[in-house]
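*Asks:* Next up, final.cif (mmCIF, C-alpha atoms).
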data_query
#
loop_
_atom_site.group_PDB
_atom_site.id
_atom_site.type_symbol
_atom_site.label_atom_id
_atom_site.label_comp_id
_atom_site.auth_asym_id
_atom_site.auth_seq_id
_atom_site.Cartn_x
_atom_site.Cartn_y
_atom_site.Cartn_z
ATOM 1 C CA MET A 1167 121.175 101.345 101.346
ATOM 2 C CA ALA A 1168 118.037 103.442 101.901
ATOM 3 C CA GLN A 1169 115.200 101.954 103.917
ATOM 4 C CA LEU A 1170 112.250 100.538 101.994
ATOM 5 C CA GLU A 1171 109.129 102.665 102.548
ATOM 6 C CA VAL A 1172 105.665 101.145 102.143
ATOM 7 C CA LEU A 1173 102.801 103.490 101.223
ATOM 8 C CA TYR A 1174 99.581 101.794 102.256
ATOM 9 C CA ASN A 1175 95.880 102.431 102.697
ATOM 10 C CA ALA A 1176 95.197 102.300 106.446
ATOM 11 C CA GLU A 1177 91.467 102.794 105.770
ATOM 12 C CA CYS A 1178 91.273 99.413 103.997
ATOM 13 C CA PRO A 1179 90.761 96.659 106.585
ATOM 14 C CA ILE A 1180 92.457 94.033 104.398
ATOM 15 C CA CYS A 1181 95.429 96.289 103.608
ATOM 16 C CA ARG A 1182 95.724 97.377 107.231
ATOM 17 C CA ARG A 1183 95.676 93.777 108.509
ATOM 18 C CA GLU A 1184 98.351 92.718 106.030
ATOM 19 C CA ILE A 1185 100.592 95.686 106.845
ATOM 20 C CA GLU A 1186 100.146 95.088 110.581
ATOM 21 C CA HIS A 1187 101.379 91.533 110.039
ATOM 22 C CA TYR A 1188 104.360 92.762 108.034
ATOM 23 C CA ARG A 1189 105.088 95.356 110.715
ATOM 24 C CA ARG A 1190 105.156 92.714 113.458
ATOM 25 C CA ILE A 1191 107.737 90.599 111.654
ATOM 26 C CA SER A 1192 109.818 93.247 109.870
ATOM 27 C CA GLY A 1193 111.462 95.019 112.761
ATOM 28 C CA ASP A 1194 113.191 98.148 111.477
ATOM 29 C CA GLU A 1195 113.667 96.816 107.939
ATOM 30 C CA LEU A 1196 110.651 98.681 106.533
ATOM 31 C CA ALA A 1197 109.039 102.077 107.110
ATOM 32 C CA TYR A 1198 105.255 102.184 106.848
ATOM 33 C CA VAL A 1199 103.569 105.339 105.562
ATOM 34 C CA GLU A 1200 99.794 105.781 105.692
ATOM 35 C CA ILE A 1201 98.196 107.410 102.673
ATOM 36 C CA THR A 1202 97.153 111.008 103.239
ATOM 37 C CA ALA A 1203 96.967 113.889 100.788
ATOM 38 C CA GLU A 1204 100.407 115.006 101.999
ATOM 39 C CA THR A 1205 102.131 111.614 101.894
ATOM 40 C CA ALA A 1206 100.655 110.814 98.485
ATOM 41 C CA ALA A 1207 101.882 114.176 97.157
ATOM 42 C CA ASP A 1208 105.344 113.444 98.569
ATOM 43 C CA TRP A 1209 105.346 110.325 96.375
ATOM 44 C CA GLY A 1210 104.088 112.305 93.357
ATOM 45 C CA LEU A 1211 100.611 110.766 93.574
ATOM 46 C CA SER A 1212 97.045 111.775 94.330
ATOM 47 C CA GLU A 1213 95.318 109.991 97.213
ATOM 48 C CA ASP A 1214 93.289 107.936 94.719
ATOM 49 C CA GLN A 1215 96.373 106.947 92.722
ATOM 50 C CA ALA A 1216 98.107 105.886 95.924
ATOM 51 C CA ALA A 1217 95.081 103.881 97.108
ATOM 52 C CA LYS A 1218 94.637 102.010 93.820
ATOM 53 C CA GLN A 1219 97.711 99.800 94.284
ATOM 54 C CA LEU A 1220 100.420 99.102 96.817
ATOM 55 C CA HIS A 1221 103.500 101.340 96.423
ATOM 56 C CA VAL A 1222 106.991 101.026 97.864
ATOM 57 C CA ARG A 1223 109.941 103.351 97.570
ATOM 58 C CA ARG A 1224 113.649 102.984 98.154
ATOM 59 C CA GLY A 1225 115.349 106.316 97.614
ATOM 60 C CA ALA A 1226 113.909 107.649 94.339
ATOM 61 C CA GLN A 1227 112.935 104.180 93.015
ATOM 62 C CA ILE A 1228 109.183 103.475 93.302
ATOM 63 C CA SER A 1229 107.668 100.044 92.686
ATOM 64 C CA VAL A 1230 103.955 99.387 92.322
ATOM 65 C CA GLY A 1231 101.660 96.373 92.567
ATOM 66 C CA VAL A 1232 103.222 92.916 92.458
ATOM 67 C CA GLU A 1233 106.697 94.452 92.205
ATOM 68 C CA ALA A 1234 105.986 96.262 95.487
ATOM 69 C CA PHE A 1235 104.938 93.015 97.167
ATOM 70 C CA VAL A 1236 108.105 91.299 95.922
ATOM 71 C CA ALA A 1237 110.241 94.149 97.296
ATOM 72 C CA ILE A 1238 108.536 93.853 100.695
ATOM 73 C CA TRP A 1239 108.731 90.065 100.796
ATOM 74 C CA ARG A 1240 112.475 90.162 100.098
ATOM 75 C CA GLN A 1241 112.875 91.988 103.419
ATOM 76 C CA LEU A 1242 110.665 89.734 105.564
ATOM 77 C CA PRO A 1243 111.419 86.505 107.398
ATOM 78 C CA TYR A 1244 109.609 83.546 105.828
ATOM 79 C CA PHE A 1245 108.206 85.690 103.009
ATOM 80 C CA TRP A 1246 111.623 86.076 101.360
ATOM 81 C CA ILE A 1247 111.109 82.642 99.808
ATOM 82 C CA LEU A 1248 108.013 83.909 97.934
ATOM 83 C CA ALA A 1249 109.868 86.804 96.312
ATOM 84 C CA PRO A 1250 111.841 84.809 93.701
ATOM 85 C CA ILE A 1251 108.866 82.546 93.014
ATOM 86 C CA VAL A 1252 106.466 85.418 92.330
ATOM 87 C CA ASN A 1253 109.225 87.313 90.503
ATOM 88 C CA PHE A 1254 109.631 84.401 88.027
ATOM 89 C CA LYS A 1255 108.451 85.946 84.720
ATOM 90 C CA PRO A 1256 105.446 83.696 83.939
ATOM 91 C CA ILE A 1257 104.180 83.810 87.518
ATOM 92 C CA LYS A 1258 104.838 87.540 87.775
ATOM 93 C CA ALA A 1259 102.962 88.219 84.537
ATOM 94 C CA ILE A 1260 99.897 86.275 85.672
ATOM 95 C CA SER A 1261 99.914 87.605 89.243
ATOM 96 C CA SER A 1262 100.364 91.179 87.954
ATOM 97 C CA VAL A 1263 97.311 90.874 85.711
ATOM 98 C CA VAL A 1264 95.221 89.320 88.501
ATOM 99 C CA TYR A 1265 96.294 91.996 90.976
ATOM 100 C CA ARG A 1266 96.013 94.973 88.600
ATOM 101 C CA ARG A 1267 92.774 93.935 86.880
ATOM 102 C CA CYS A 1268 90.880 92.111 89.651
ATOM 103 C CA LEU A 1269 92.131 92.431 93.219
ATOM 104 C CA ALA A 1270 93.326 96.044 93.282
ATOM 105 C CA PRO A 1271 90.171 97.401 91.560
ATOM 106 C CA LEU A 1272 87.929 95.467 93.975
ATOM 107 C CA LEU A 1273 89.813 96.793 96.999
ATOM 108 C CA PHE A 1274 89.789 100.331 95.590
ATOM 109 C CA ALA A 1275 86.028 100.177 94.867
ATOM 110 C CA ALA A 1276 85.420 99.042 98.460
ATOM 111 C CA HIS A 1277 87.624 101.912 99.666
ATOM 112 C CA LYS A 1278 85.570 104.435 97.677
ATOM 113 C CA ARG A 1279 82.291 102.955 99.038
ATOM 114 C CA ARG A 1280 83.580 103.266 102.626
ATOM 115 C CA ARG A 1281 84.546 106.881 101.985
ATOM 116 C CA ARG A 1282 81.136 107.715 100.468
ATOM 117 C CA ARG A 1283 79.340 106.104 103.414
ATOM 118 C CA ARG A 1284 81.478 108.013 105.892
ATOM 119 C CA ALA A 1285 80.899 111.288 104.024
ATOM 120 C CA GLY A 1286 77.146 110.595 103.985
ATOM 121 C CA ALA A 1287 77.190 109.910 107.716
ATOM 122 C CA GLY A 1288 79.040 113.172 108.301
ATOM 123 C CA LEU A 1289 82.109 111.499 109.829
#
The structure in this file should be written as structure tokens.
*Replies:*
Amino acid sequence: MAQLEVLYNAECPICRREIEHYRRISGDELAYVEITAETAADWGLSEDQAAKQLHVRRGAQISVGVEAFVAIWRQLPYFWILAPIVNFKPIKAISSVVYRRCLAPLLFAAHKRRRRRRAGAGL
């Protein structure tokens, strides 16, 4: 079976902290890929599309949002117990709406603000 790849926004402090935690406990089960123009293009995405939600890929199969979290959690010690709970249809439906409509847009807006500030500072 192909390794699960996680495309994540290393510029987002919350995303980075979460992925660092996953990395510590995952061993070689997952491959972590930082979003760049090149890596996003390799996934068939723009940088903004990639940064809007969490993406994972196993072979040609890409999962986004809550489905991506479930795929990751299935691979992790302790977290594997969350995967079937969050994947339960009513919980998945609610968590998907909360993530897609609230959490992901807030994180993406913060990402865009950080980028604008950095561009304004000439970094």
*Asks:* Which residues, named as in the file, does the PyMOL selection byres ((chain A and resi 1245-1251) around 12) pick out? Answer as a PyMOL selection string.
*Replies:* chain A and resi 1187-1188+1191-1192+1232-1244+1252-1259+1261
*Asks:* Rounded to one decimal in Å, what is the spacing between atom CA of Arg1280 of chain A and atom CA of Val1263 of chain A?
*Replies:*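 Separation between atom CA of Arg1280 of chain A and atom CA of Val1263 of chain A: 25.1 Å.
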*Asks:* Enumerate, as a CSV table (one decimal) with C-alpha atoms, in the frame of the given file, the residues matched when the PyMOL selection byres ((chain A and resi 1172) around 10) is run on the file above.
*Replies:*
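Saved file selection-v1.csv follows:
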chain,number,residue,atom,x,y,z
A,1169,GLN,CA,115.2,102.0,103.9
A,1170,LEU,CA,112.2,100.5,102.0
A,1171,GLU,CA,109.1,102.7,102.5
A,1173,LEU,CA,102.8,103.5,101.2
A,1174,TYR,CA,99.6,101.8,102.3
A,1175,ASN,CA,95.9,102.4,102.7
A,1185,ILE,CA,100.6,95.7,106.8
A,1196,LEU,CA,110.7,98.7,106.5
A,1197,ALA,CA,109.0,102.1,107.1
A,1198,TYR,CA,105.3,102.2,106.8
A,1199,VAL,CA,103.6,105.3,105.6
A,1200,GLU,CA,99.8,105.8,105.7
A,1201,ILE,CA,98.2,107.4,102.7
A,1220,LEU,CA,100.4,99.1,96.8
A,1221,HIS,CA,103.5,101.3,96.4
A,1222,VAL,CA,107.0,101.0,97.9
A,1223,ARG,CA,109.9,103.4,97.6
A,1224,ARG,CA,113.6,103.0,98.2
A,1228,ILE,CA,109.2,103.5,93.3
A,1229,SER,CA,107.7,100.0,92.7
A,1234,ALA,CA,106.0,96.3,95.5
A,1235,PHE,CA,104.9,93.0,97.2
A,1237,ALA,CA,110.2,94.1,97.3
A,1238,ILE,CA,108.5,93.9,100.7
*Asks:* From the options A:Gln1219, A:Cys1181, A:Asp1194, A:Ala1203, which residue's atoms come nearest to Cys1268 of chain A, counting only C-alpha atoms?
*Replies:*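 So, comparing all the options, the nearest one is A:Gln1219.
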*Asks:* In Å, with one decimal, what is the gap from atom CA of Cys1178 of chain A to atom CA of Leu1273 of chain A?
*Replies:*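 These two atoms are separated by 7.6 Å.
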*Asks:* May I ask for the distance between atom CA of Trp1209 of chain A and atom CA of Ile1260 of chain A, given in Å to one decimal place?
*Replies:*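 Separation between atom CA of Trp1209 of chain A and atom CA of Ile1260 of chain A: 26.9 Å.
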*Asks:* Could you pull the residues within 9 Å of Ala1270 of chain A, counting only C-alpha atoms, minus those fewer than 5 positions along the same chain, as a VMD selection string?
*Replies:* chain A and resid 1217 to 1220 1231 1264 to 1265 1275
*Asks:* Compare A:Asp1214, A:Arg1190, A:Ala1206, A:Glu1177 by their minimum atom-to-atom distance to Pro1271 of chain A, counting only C-alpha atoms, and give me the closest one.
*Replies:* A:Asp1214
*Asks:* Under the rule that only C-alpha atoms are counted, which of A:Gly1288, A:Ala1226, A:Arg1189, A:Ala1216 is the nearest residue to Glu1204 of chain A?
*Replies:* A:Ala1216
*Asks:* Of the residues A:Ala1285, A:Val1230, A:Leu1269, A:Ala1168, which is the one nearest to Gln1215 of chain A, using all atoms listed in the file?
*Replies:*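 Using all atoms listed in the file, Gln1215 of chain A sits closest to A:Val1230.
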